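Student: Just one file: upload22.cif, with mmCIF, C-alpha atoms; chains and numbers go by the auth columns.
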data_start
#
loop_
_atom_site.group_PDB
_atom_site.id
_atom_site.type_symbol
_atom_site.label_atom_id
_atom_site.label_comp_id
_atom_site.label_asym_id
_atom_site.label_seq_id
_atom_site.Cartn_x
_atom_site.Cartn_y
_atom_site.Cartn_z
_atom_site.B_iso_or_equiv
_atom_site.auth_seq_id
_atom_site.auth_asym_id
ATOM 1 C CA MET A 1 0.000 0.000 0.000 0.00 25 E
ATOM 2 C CA SER A 2 1.108 3.501 -0.882 0.00 26 E
ATOM 3 C CA SER A 3 1.761 6.010 1.839 0.00 27 E
ATOM 4 C CA SER A 4 -1.146 8.169 0.769 0.00 28 E
ATOM 5 C CA SER A 5 -3.565 5.320 1.037 0.00 29 E
ATOM 6 C CA ARG A 6 -2.254 4.470 4.477 0.00 30 E
ATOM 7 C CA VAL A 7 -2.762 8.015 5.655 0.00 31 E
ATOM 8 C CA ARG A 8 -6.369 7.967 4.436 0.00 32 E
ATOM 9 C CA TRP A 9 -7.002 4.670 6.250 0.00 33 E
ATOM 10 C CA ILE A 10 -5.676 6.001 9.504 0.00 34 E
ATOM 11 C CA LEU A 11 -7.761 9.143 9.219 0.00 35 E
ATOM 12 C CA LEU A 12 -10.834 7.084 8.514 0.00 36 E
ATOM 13 C CA VAL A 13 -10.257 4.999 11.637 0.00 37 E
ATOM 14 C CA LEU A 14 -9.691 8.072 13.736 0.00 38 E
ATOM 15 C CA ALA A 15 -12.840 9.625 12.354 0.00 39 E
ATOM 16 C CA VAL A 16 -14.869 6.530 13.232 0.00 40 E
ATOM 17 C CA MET A 17 -13.389 6.388 16.713 0.00 41 E
ATOM 18 C CA GLY A 18 -14.130 10.046 17.292 0.00 42 E
ATOM 19 C CA ALA A 19 -17.715 9.596 16.202 0.00 43 E
ATOM 20 C CA ALA A 20 -18.105 6.657 18.532 0.00 44 E
ATOM 21 C CA PHE A 21 -16.691 8.659 21.388 0.00 45 E
ATOM 22 C CA ALA A 22 -19.055 11.496 20.736 0.00 46 E
ATOM 23 C CA VAL A 23 -22.042 9.199 20.597 0.00 47 E
ATOM 24 C CA GLY A 24 -21.025 7.604 23.903 0.00 48 E
ATOM 25 C CA ALA A 25 -20.632 10.943 25.593 0.00 49 E
ATOM 26 C CA TYR A 26 -24.063 11.974 24.405 0.00 50 E
ATOM 27 C CA ILE A 27 -25.655 8.857 25.736 0.00 51 E
ATOM 28 C CA ARG A 28 -24.044 9.295 29.115 0.00 52 E
ATOM 29 C CA SER A 29 -25.193 12.815 29.381 0.00 53 E
ATOM 30 C CA ARG A 30 -28.797 11.765 28.829 0.00 54 E
ATOM 31 C CA ALA A 31 -28.826 8.842 31.426 0.00 55 E
ATOM 32 C CA PRO A 32 -30.183 9.842 34.903 0.00 56 E
ATOM 33 C CA GLU A 33 -27.760 9.966 37.722 0.00 57 E
ATOM 34 C CA PRO A 34 -28.184 7.114 40.257 0.00 58 E
ATOM 35 C CA GLN A 35 -29.835 8.270 43.477 0.00 59 E
ATOM 36 C CA VAL A 36 -28.167 7.292 46.659 0.00 60 E
ATOM 37 C CA ALA A 37 -30.615 6.124 49.354 0.00 61 E
ATOM 38 C CA VAL A 38 -30.204 8.133 52.492 0.00 62 E
ATOM 39 C CA LYS A 39 -31.100 6.321 55.698 0.00 63 E
ATOM 40 C CA LYS A 40 -33.045 8.554 58.033 0.00 64 E
ATOM 41 C CA ALA A 41 -32.362 8.244 61.711 0.00 65 E
ATOM 42 C CA PRO A 42 -35.353 6.759 63.574 0.00 66 E
ATOM 43 C CA GLU A 43 -37.486 9.360 65.141 0.00 67 E
ATOM 44 C CA ALA A 44 -37.621 9.268 68.936 0.00 68 E
ATOM 45 C CA PRO A 45 -40.975 7.895 70.148 0.00 69 E
ATOM 46 C CA ARG A 46 -43.292 10.571 71.248 0.00 70 E
ATOM 47 C CA ALA A 47 -44.260 10.410 74.879 0.00 71 E
ATOM 48 C CA ALA A 48 -47.780 9.109 75.244 0.00 72 E
ATOM 49 C CA ALA A 49 -50.176 11.596 76.566 0.00 73 E
ATOM 50 C CA PRO A 50 -51.225 10.702 80.130 0.00 74 E
ATOM 51 C CA ALA A 51 -54.528 8.845 80.215 0.00 75 E
ATOM 52 C CA PRO A 52 -57.292 10.885 81.665 0.00 76 E
ATOM 53 C CA VAL A 53 -58.100 9.939 85.235 0.00 77 E
ATOM 54 C CA PRO A 54 -61.617 8.511 85.267 0.00 78 E
ATOM 55 C CA ALA A 55 -64.054 10.146 87.568 0.00 79 E
ATOM 56 C CA PRO A 56 -64.797 7.976 90.649 0.00 80 E
ATOM 57 C CA LYS A 57 -67.827 5.848 90.136 0.00 81 E
ATOM 58 C CA PRO A 58 -70.439 5.899 92.858 0.00 82 E
ATOM 59 C CA GLU A 59 -70.274 2.780 95.012 0.00 83 E
ATOM 60 C CA PRO A 60 -73.132 0.464 94.185 0.00 84 E
ATOM 61 C CA LYS A 61 -75.648 -0.101 96.929 0.00 85 E
ATOM 62 C CA PRO A 62 -75.373 -3.579 98.436 0.00 86 E
ATOM 63 C CA ALA A 63 -77.868 -5.827 96.836 0.00 87 E
ATOM 64 C CA ARG A 64 -80.461 -7.277 99.116 0.00 88 E
ATOM 65 C CA PRO A 65 -79.977 -10.988 99.582 0.00 89 E
ATOM 66 C CA ALA A 66 -82.535 -12.961 97.790 0.00 90 E
ATOM 67 C CA PRO A 67 -84.986 -14.544 100.230 0.00 91 E
ATOM 68 C CA ARG A 68 -84.112 -18.156 100.953 0.00 92 E
ATOM 69 C CA ARG A 69 -86.594 -20.604 99.799 0.00 93 E
ATOM 70 C CA ARG A 70 -87.536 -23.191 102.320 0.00 94 E
ATOM 71 C CA ALA A 71 -86.737 -26.628 101.135 0.00 95 E
ATOM 72 C CA ALA A 72 -89.790 -28.685 100.582 0.00 96 E
ATOM 73 C CA PRO A 73 -90.138 -31.230 103.413 0.00 97 E
ATOM 74 C CA LYS A 74 -89.034 -34.688 102.468 0.00 98 E
ATOM 75 C CA PRO A 75 -91.856 -37.165 102.384 0.00 99 E
ATOM 76 C CA ALA A 76 -91.847 -39.495 105.371 0.00 100 E
ATOM 77 C CA PRO A 77 -90.614 -42.964 104.467 0.00 101 E
ATOM 78 C CA ALA A 78 -93.310 -45.510 104.157 0.00 102 E
ATOM 79 C CA PRO A 79 -93.505 -47.635 107.313 0.00 103 E
ATOM 80 C CA ALA A 80 -92.012 -51.081 106.970 0.00 104 E
ATOM 81 C CA PRO A 81 -94.599 -53.808 106.970 0.00 105 E
ATOM 82 C CA ALA A 82 -94.995 -55.366 110.398 0.00 106 E
ATOM 83 C CA PRO A 83 -93.551 -58.866 110.598 0.00 107 E
ATOM 84 C CA ALA A 84 -96.084 -61.593 110.761 0.00 108 E
ATOM 85 C CA ALA A 85 -96.856 -62.772 114.268 0.00 109 E
ATOM 86 C CA PRO A 86 -95.255 -66.141 115.045 0.00 110 E
ATOM 87 C CA THR A 87 -97.589 -69.115 115.180 0.00 111 E
ATOM 88 C CA THR A 88 -95.188 -71.557 116.851 0.00 112 E
ATOM 89 C CA GLY A 89 -92.886 -71.419 119.830 0.00 113 E
ATOM 90 C CA THR A 90 -89.084 -71.348 119.950 0.00 114 E
ATOM 91 C CA LEU A 91 -87.416 -72.688 123.108 0.00 115 E
ATOM 92 C CA HIS A 92 -83.838 -71.697 123.948 0.00 116 E
ATOM 93 C CA ILE A 93 -82.781 -74.328 126.474 0.00 117 E
ATOM 94 C CA ASP A 94 -79.626 -74.150 128.598 0.00 118 E
ATOM 95 C CA SER A 95 -78.451 -75.802 131.815 0.00 119 E
ATOM 96 C CA ASP A 96 -75.948 -75.240 134.625 0.00 120 E
ATOM 97 C CA VAL A 97 -74.323 -78.527 133.567 0.00 121 E
ATOM 98 C CA PRO A 98 -73.125 -78.119 129.962 0.00 122 E
ATOM 99 C CA GLY A 99 -73.956 -80.865 127.491 0.00 123 E
ATOM 100 C CA ALA A 100 -77.156 -82.082 129.150 0.00 124 E
ATOM 101 C CA GLU A 101 -79.387 -84.106 126.813 0.00 125 E
ATOM 102 C CA VAL A 102 -82.779 -82.592 125.998 0.00 126 E
ATOM 103 C CA PHE A 103 -85.971 -84.389 124.948 0.00 127 E
ATOM 104 C CA ILE A 104 -89.324 -82.771 124.147 0.00 128 E
ATOM 105 C CA ASP A 105 -92.248 -85.201 124.110 0.00 129 E
ATOM 106 C CA ARG A 106 -89.691 -88.046 124.047 0.00 130 E
ATOM 107 C CA VAL A 107 -88.084 -86.643 120.872 0.00 131 E
ATOM 108 C CA TYR A 108 -84.348 -85.956 121.128 0.00 132 E
ATOM 109 C CA VAL A 109 -83.568 -82.265 120.531 0.00 133 E
ATOM 110 C CA GLY A 110 -79.829 -82.047 121.305 0.00 134 E
ATOM 111 C CA THR A 111 -77.442 -81.097 124.087 0.00 135 E
ATOM 112 C CA THR A 112 -77.488 -77.829 125.983 0.00 136 E
ATOM 113 C CA PRO A 113 -77.310 -75.085 124.964 0.00 137 E
ATOM 114 C CA VAL A 114 -79.840 -75.935 122.255 0.00 138 E
ATOM 115 C CA THR A 115 -82.741 -74.252 120.447 0.00 139 E
ATOM 116 C CA ALA A 116 -85.968 -76.056 119.615 0.00 140 E
ATOM 117 C CA GLU A 117 -87.893 -74.302 116.841 0.00 141 E
ATOM 118 C CA GLY A 118 -91.394 -74.823 115.514 0.00 142 E
ATOM 119 C CA VAL A 119 -92.848 -76.157 118.762 0.00 143 E
ATOM 120 C CA LYS A 120 -96.636 -76.153 118.633 0.00 144 E
ATOM 121 C CA PRO A 121 -98.377 -74.075 121.312 0.00 145 E
ATOM 122 C CA GLY A 122 -99.659 -76.058 124.273 0.00 146 E
ATOM 123 C CA ASP A 123 -98.304 -78.228 127.080 0.00 147 E
ATOM 124 C CA HIS A 124 -95.231 -80.344 126.309 0.00 148 E
ATOM 125 C CA ARG A 125 -93.144 -82.748 128.351 0.00 149 E
ATOM 126 C CA LEU A 126 -89.524 -81.687 128.815 0.00 150 E
ATOM 127 C CA ASN A 127 -86.896 -84.190 129.961 0.00 151 E
ATOM 128 C CA VAL A 128 -83.287 -83.181 130.601 0.00 152 E
ATOM 129 C CA SER A 129 -80.551 -85.484 131.872 0.00 153 E
ATOM 130 C CA ALA A 130 -76.898 -84.966 132.795 0.00 154 E
ATOM 131 C CA GLN A 131 -74.344 -87.536 133.916 0.00 155 E
ATOM 132 C CA GLY A 132 -73.978 -87.650 137.692 0.00 156 E
ATOM 133 C CA PHE A 133 -77.287 -85.877 138.346 0.00 157 E
ATOM 134 C CA GLU A 134 -80.853 -86.936 138.676 0.00 158 E
ATOM 135 C CA GLY A 135 -82.866 -86.377 135.522 0.00 159 E
ATOM 136 C CA ILE A 136 -85.334 -83.512 135.412 0.00 160 E
ATOM 137 C CA ALA A 137 -88.833 -83.901 133.978 0.00 161 E
ATOM 138 C CA GLU A 138 -91.324 -81.076 133.871 0.00 162 E
ATOM 139 C CA SER A 139 -94.276 -79.795 131.879 0.00 163 E
ATOM 140 C CA VAL A 140 -93.709 -76.705 129.747 0.00 164 E
ATOM 141 C CA ALA A 141 -96.509 -74.479 128.469 0.00 165 E
ATOM 142 C CA VAL A 142 -95.448 -73.262 125.022 0.00 166 E
ATOM 143 C CA THR A 143 -96.868 -70.094 123.449 0.00 167 E
ATOM 144 C CA PRO A 144 -96.035 -68.491 120.067 0.00 168 E
ATOM 145 C CA GLY A 145 -92.712 -66.655 120.166 0.00 169 E
ATOM 146 C CA ASP A 146 -89.358 -67.099 121.909 0.00 170 E
ATOM 147 C CA ARG A 147 -88.819 -68.393 125.440 0.00 171 E
ATOM 148 C CA ASP A 148 -85.634 -69.024 127.441 0.00 172 E
ATOM 149 C CA LEU A 149 -85.416 -72.035 129.747 0.00 173 E
ATOM 150 C CA MET A 150 -82.588 -72.580 132.242 0.00 174 E
ATOM 151 C CA ILE A 151 -82.462 -76.094 133.670 0.00 175 E
ATOM 152 C CA ARG A 152 -80.625 -76.255 136.988 0.00 176 E
ATOM 153 C CA PHE A 153 -79.244 -79.531 138.263 0.00 177 E
ATOM 154 C CA LYS A 154 -77.197 -78.044 141.089 0.00 178 E
ATOM 155 C CA VAL A 155 -80.205 -77.251 143.277 0.00 179 E
ATOM 156 C CA VAL A 156 -82.258 -79.192 145.808 0.00 180 E
ATOM 157 C CA ARG A 157 -85.642 -80.381 144.611 0.00 181 E
ATOM 158 C CA LEU A 158 -87.922 -82.101 147.080 0.00 182 E
ATOM 159 C CA ASP A 159 -91.680 -82.307 147.263 0.00 183 E
ATOM 160 C CA ALA A 160 -92.599 -85.537 149.029 0.00 184 E
ATOM 161 C CA SER A 161 -95.419 -86.569 151.310 0.00 185 E
ATOM 162 C CA ILE A 162 -96.846 -89.811 152.732 0.00 186 E
ATOM 163 C CA ASP A 163 -99.657 -90.793 155.053 0.00 187 E
ATOM 164 C CA VAL A 164 -98.326 -92.230 158.314 0.00 188 E
ATOM 165 C CA VAL A 165 -99.326 -93.483 161.724 0.00 189 E
ATOM 166 C CA HIS A 166 -97.331 -92.365 164.738 0.00 190 E
ATOM 167 C CA LYS A 167 -97.009 -95.039 167.396 0.00 191 E
ATOM 168 C CA HIS A 168 -97.163 -93.719 170.943 0.00 192 E
ATOM 169 C CA THR A 169 -96.132 -95.616 174.030 0.00 193 E
ATOM 170 C CA PHE A 170 -99.821 -96.031 174.571 0.00 194 E
ATOM 171 C CA GLY A 171 -101.913 -95.710 171.440 0.00 195 E
ATOM 172 C CA SER A 172 -101.168 -93.863 168.185 0.00 196 E
ATOM 173 C CA CYS A 173 -102.188 -90.935 165.986 0.00 197 E
ATOM 174 C CA SER A 174 -102.381 -90.516 162.241 0.00 198 E
ATOM 175 C CA GLY A 175 -101.221 -87.727 160.057 0.00 199 E
ATOM 176 C CA LYS A 176 -98.999 -86.821 157.063 0.00 200 E
ATOM 177 C CA LEU A 177 -95.260 -86.351 156.663 0.00 201 E
ATOM 178 C CA VAL A 178 -94.407 -83.555 154.242 0.00 202 E
ATOM 179 C CA ALA A 179 -90.838 -82.818 153.118 0.00 203 E
ATOM 180 C CA THR A 180 -89.456 -79.832 151.121 0.00 204 E
ATOM 181 C CA PRO A 181 -85.893 -78.483 150.802 0.00 205 E
ATOM 182 C CA GLU A 182 -86.663 -76.060 153.629 0.00 206 E
ATOM 183 C CA ALA A 183 -88.230 -78.411 156.217 0.00 207 E
ATOM 184 C CA ILE A 184 -89.877 -81.668 157.152 0.00 208 E
ATOM 185 C CA ARG A 185 -93.270 -81.441 158.834 0.00 209 E
ATOM 186 C CA TYR A 186 -95.590 -83.785 160.605 0.00 210 E
ATOM 187 C CA VAL A 187 -99.149 -82.587 160.083 0.00 211 E
ATOM 188 C CA THR A 188 -101.634 -84.120 162.511 0.00 212 E
ATOM 189 C CA GLY A 189 -104.723 -83.274 164.467 0.00 213 E
ATOM 190 C CA ASP A 190 -102.806 -83.823 167.699 0.00 214 E
ATOM 191 C CA LYS A 191 -100.990 -80.521 168.089 0.00 215 E
ATOM 192 C CA LYS A 192 -98.721 -81.971 170.778 0.00 216 E
ATOM 193 C CA ASP A 193 -97.187 -84.360 168.248 0.00 217 E
ATOM 194 C CA ALA A 194 -96.987 -81.974 165.254 0.00 218 E
ATOM 195 C CA PHE A 195 -93.588 -80.538 164.308 0.00 219 E
ATOM 196 C CA SER A 196 -91.809 -78.624 161.546 0.00 220 E
ATOM 197 C CA VAL A 197 -87.993 -78.505 161.475 0.00 221 E
ATOM 198 C CA PRO A 198 -85.239 -77.908 158.867 0.00 222 E
ATOM 199 C CA LEU A 199 -83.953 -81.059 157.188 0.00 223 E
ATOM 200 C CA THR A 200 -80.513 -80.456 158.662 0.00 224 E
ATOM 201 C CA SER A 201 -82.011 -80.456 162.170 0.00 225 E
ATOM 202 C CA LEU A 202 -82.720 -84.202 162.134 0.00 226 E
ATOM 203 C CA GLU A 203 -80.481 -86.082 164.537 0.00 227 E
ATOM 204 C CA GLU A 204 -81.723 -89.453 163.299 0.00 228 E
ATOM 205 C CA PHE A 205 -83.527 -90.360 160.102 0.00 229 E
ATOM 206 C CA THR A 206 -83.586 -94.094 159.370 0.00 230 E
ATOM 207 C CA VAL A 207 -85.902 -96.666 157.867 0.00 231 E
ATOM 208 C CA ASP A 208 -86.271 -100.320 158.807 0.00 232 E
ATOM 209 C CA TYR A 209 -87.759 -102.005 155.794 0.00 233 E
ATOM 210 C CA LEU A 210 -88.418 -105.327 157.543 0.00 234 E
ATOM 211 C CA LYS A 211 -90.091 -103.721 160.553 0.00 235 E
ATOM 212 C CA LYS A 212 -91.854 -101.260 158.233 0.00 236 E
ATOM 213 C CA ASN A 213 -90.785 -98.393 160.457 0.00 237 E
ATOM 214 C CA LEU A 214 -89.432 -94.890 159.778 0.00 238 E
ATOM 215 C CA ARG A 215 -87.595 -93.461 162.777 0.00 239 E
ATOM 216 C CA ILE A 216 -87.070 -89.704 163.151 0.00 240 E
ATOM 217 C CA LYS A 217 -85.280 -88.064 166.087 0.00 241 E
ATOM 218 C CA LEU A 218 -85.194 -84.296 166.341 0.00 242 E
ATOM 219 C CA LYS A 219 -82.051 -82.584 167.618 0.00 243 E
ATOM 220 C CA GLY A 220 -82.539 -82.162 171.350 0.00 244 E
ATOM 221 C CA GLY A 221 -86.144 -83.302 170.983 0.00 245 E
ATOM 222 C CA ARG A 222 -88.496 -86.232 170.683 0.00 246 E
ATOM 223 C CA THR A 223 -88.196 -89.478 168.747 0.00 247 E
ATOM 224 C CA TYR A 224 -90.970 -90.543 166.367 0.00 248 E
ATOM 225 C CA ASN A 225 -91.718 -93.964 164.923 0.00 249 E
ATOM 226 C CA PHE A 226 -93.900 -93.882 161.832 0.00 250 E
ATOM 227 C CA THR A 227 -95.558 -96.727 159.963 0.00 251 E
ATOM 228 C CA ASP A 228 -97.650 -96.898 156.819 0.00 252 E
ATOM 229 C CA PRO A 229 -101.383 -97.068 157.548 0.00 253 E
ATOM 230 C CA ASN A 230 -101.681 -99.909 155.037 0.00 254 E
ATOM 231 C CA GLY A 231 -98.601 -101.730 156.298 0.00 255 E
ATOM 232 C CA ASN A 232 -96.682 -100.932 153.049 0.00 256 E
ATOM 233 C CA ALA A 233 -92.969 -100.430 153.662 0.00 257 E
ATOM 234 C CA ASP A 234 -92.292 -99.276 150.069 0.00 258 E
ATOM 235 C CA ASN A 235 -93.843 -95.841 150.666 0.00 259 E
ATOM 236 C CA LEU A 236 -91.681 -95.346 153.759 0.00 260 E
ATOM 237 C CA PHE A 237 -88.572 -96.426 151.836 0.00 261 E
ATOM 238 C CA VAL A 238 -89.159 -94.060 148.886 0.00 262 E
ATOM 239 C CA PHE A 239 -89.869 -91.143 151.199 0.00 263 E
ATOM 240 C CA HIS A 240 -86.718 -91.841 153.192 0.00 264 E
ATOM 241 C CA ARG A 241 -84.609 -92.101 150.009 0.00 265 E
ATOM 242 C CA ASP A 242 -85.804 -88.776 148.598 0.00 266 E
ATOM 243 C CA VAL A 243 -85.293 -86.904 151.858 0.00 267 E
ATOM 244 C CA GLU A 244 -81.818 -88.389 152.378 0.00 268 E
ATOM 245 C CA LYS A 245 -80.768 -87.287 148.888 0.00 269 E
ATOM 246 C CA ALA A 246 -81.959 -83.744 149.546 0.00 270 E
ATOM 247 C CA ILE A 247 -80.104 -83.620 152.875 0.00 271 E
ATOM 248 C CA GLY A 248 -76.890 -84.679 151.098 0.00 272 E
ATOM 249 C CA LEU A 249 -77.227 -81.907 148.477 0.00 273 E
ATOM 250 C CA LEU A 250 -77.940 -79.282 151.125 0.00 274 E
ATOM 251 C CA LYS A 251 -74.768 -80.287 152.935 0.00 275 E
ATOM 252 C CA LYS A 252 -72.865 -79.777 149.627 0.00 276 E
ATOM 253 C CA GLY A 253 -74.123 -76.209 149.559 0.00 277 E
ATOM 254 C CA TYR A 254 -76.715 -76.555 146.806 0.00 278 E
ATOM 255 C CA PRO A 255 -79.541 -74.017 147.219 0.00 279 E
ATOM 256 C CA PRO A 256 -83.218 -75.002 147.259 0.00 280 E
ATOM 257 C CA ALA A 257 -84.857 -74.867 143.848 0.00 281 E
ATOM 258 C CA LYS A 258 -87.085 -71.847 143.329 0.00 282 E
#
Mind turning this structure into structure tokens?
Tutor:
Amino acid sequence: MSSSSRVRWILLVLAVMGAAFAVGAYIRSRAPEPQVAVKKAPEAPRAAAPAPVPAPKPEPKPARPAPRRRAAPKPAPAPAPAPAAPTTGTLHIDSDVPGAEVFIDRVYVGTTPVTAEGVKPGDHRLNVSAQGFEGIAESVAVTPGDRDLMIRFKVVRLDASIDVVHKHTFGSCSGKLVATPEAIRYVTGDKKDAFSVPLTSLEEFTVDYLKKNLRIKLKGGRTYNFTDPNGNADNLFVFHRDVEKAIGLLKKGYPPAK
């Protein structure tokens, strides 16, 4: 390339570059300047205005208590039906000797203490026996309901009497010998021969079965010889046996039966 052509080329390039520079400057002059954000300091909080003081409210008048209502009375409970009246008797039987055997109308009930239920009203025969004691037999009147019976063996039971003839040295008199736990009495129309003394006041009390004679001697007193008006020694013997047994129990300290 010639030197003149080279000069023209360089001028053309410079002209283009100059035009480009001018265009760029124009564009920059037209673009808005960037705004810088300015941070504002936070404003101090304003003091709150004081709340207005409320005017005092008038005190409310105390309310009157509502009148109490009386509770309605509870209905009375219905009365329980009355139990049916018993129609049979119940016997609660005990004894002062534990384990005594009990029979009612010859039917074994048990050993004391024992309860016999369903006993029909009326008179019944009661038999109670204990080893070492004489058996007890008595009539019991049973009524509907409960009844307690205490059978006592450790007491003196005696209710004996016989017709007798008292032999005097000359003649005789008749009468009756009566014996209880408290006394033995000779009841006769001859007041001189009659007596009544405690069983323990007999100095002699013997029976002669062969001679059919019952001999009684009072302490510090007379002697009596009694015979049976019919000449029967058995009555004298039984009477003597029963009285002797009672005297023995009294000496042991057993009380008379009530």
Student: Which of these, E:Phe194, E:Tyr248, E:Phe229, E:Phe177, has the shortest distance to E:Phe263 once you count only C-alpha atoms?
Tutor: E:Phe229
Student: Taking all atoms listed in the file into account, name the residue in E:Arg181, E:Lys282, E:Arg92, E:Lys200 that is nearest to E:Asp252.
Tutor: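 Under the stated criterion, the closest residue is E:Lys200.
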Student: Convert the output of the PyMOL selection byres ((chain E and resi 274) around 12) on the shown file into explicit residues, formatted as a list of chain:residue names.
Tutor: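 In the shown coordinates, the PyMOL selection byres ((chain E and resi 274) around 12) covers E:Lys178, E:Val179, E:Val180, E:Arg181, E:Leu182, E:Thr204, E:Pro205, E:Glu206, E:Ala207, E:Pro222, E:Leu223, E:Thr224, E:Ser225, E:Val267, E:Glu268, E:Lys269, E:Ala270, E:Ile271, E:Gly272, E:Leu273, E:Lys275, E:Lys276, E:Gly277, E:Tyr278, E:Pro279, E:Pro280, E:Ala281.
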Student: Evaluate the PyMOL selection byres ((chain E and resi 140-143) around 6) on the structure here and hand back the selected residues as number ranges by chain.
Tutor: E: 112-115, 139, 144
Student: Atoms to include: C-alpha atoms. Write the selected residues as a PDB file, in the frame of the given file.
Tutor:
ATOM      1  CA  THR E 112     -95.188 -71.557 116.851  1.00  0.00           C
ATOM      2  CA  GLY E 113     -92.886 -71.419 119.830  1.00  0.00           C
ATOM      3  CA  THR E 114     -89.084 -71.348 119.950  1.00  0.00           C
ATOM      4  CA  LEU E 115     -87.416 -72.688 123.108  1.00  0.00           C
ATOM      5  CA  THR E 139     -82.741 -74.252 120.447  1.00  0.00           C
ATOM      6  CA  LYS E 144     -96.636 -76.153 118.633  1.00  0.00           C
TER       7      LYS E 144
END
Student: Please determine, counting all atoms listed in the file, which residue among E:Val138, E:Ala109, E:Val121, E:Cys197 has the shortest atom-to-atom distance to E:Thr167.
Tutor: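 Result for the nearest residue to E:Thr167: E:Ala109.
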Student: Please determine, counting all atoms listed in the file, which residue among E:Val164, E:Ala124, E:Val189, E:Ala39 has the shortest atom-to-atom distance to E:Pro253.
Tutor: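 Under the stated criterion, the closest residue is E:Val189.
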Student: Record the distance separating atom CA of E:Leu150 and atom CA of E:Leu260, expressed in Å with one decimal.
Tutor: 28.5 Å
Student: Just to confirm, what's the straight-line distance from atom CA of E:Val126 to atom CA of E:Glu162 in Å (one decimal)?
Tutor: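 Atom CA of E:Val126 sits 11.7 Å away from atom CA of E:Glu162.
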Student: Could you work out how far atom CA of E:Asp232 lies from atom CA of E:Val202, giving the answer in Å with one decimal?
Tutor: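 So the two atoms, atom CA of E:Val202 and atom CA of E:Asp232, lie 19.2 Å apart.
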Student: Which one of E:Leu226, E:Ala161, E:Leu38, E:Ala154 sits closest to E:Lys243 if you count only C-alpha atoms?
Tutor: E:Leu226
Student: Which protein, DNA or RNA residues are at most 12 Å from (-78.1, -84.4, 133.4) in the file's coordinates when you count all atoms listed in the file, listed as JSON, numbers by chain?
Tutor: {"E": [118, 119, 120, 121, 122, 123, 124, 125, 126, 127, 135, 136, 151, 152, 153, 154, 155, 156, 157, 158, 159, 160, 161, 175, 176, 177, 178]}
Student: From the list E:Ile186, E:Tyr132, E:Phe219, E:Gly195, which residue is nearest E:Asp258 when using all atoms listed in the file?
Tutor: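 Using all atoms listed in the file, E:Asp258 sits closest to E:Ile186.
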Student: Given the file shown, enumerate the residues that the PyMOL selection byres ((chain E and resi 251) around 7) captures and present them as a list in words.
Tutor: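 So the PyMOL selection byres ((chain E and resi 251) around 7), applied here, picks out Val188, Val189, His190, Lys236, Asn237, Leu238, Asn249, Phe250, Asp252, Pro253 and Gly255 of chain E.
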Student: Box time for stretch 152-167 of chain E: axis-aligned, enclosing all its listed atoms, 3 Å extra on each side; report centre and edge lengths in Å to one decimal, as JSON.
Tutor:
{"center_x": -85.4, "center_y": -78.9, "center_z": 131.1, "size_x": 28.9, "size_y": 23.6, "size_z": 21.2}
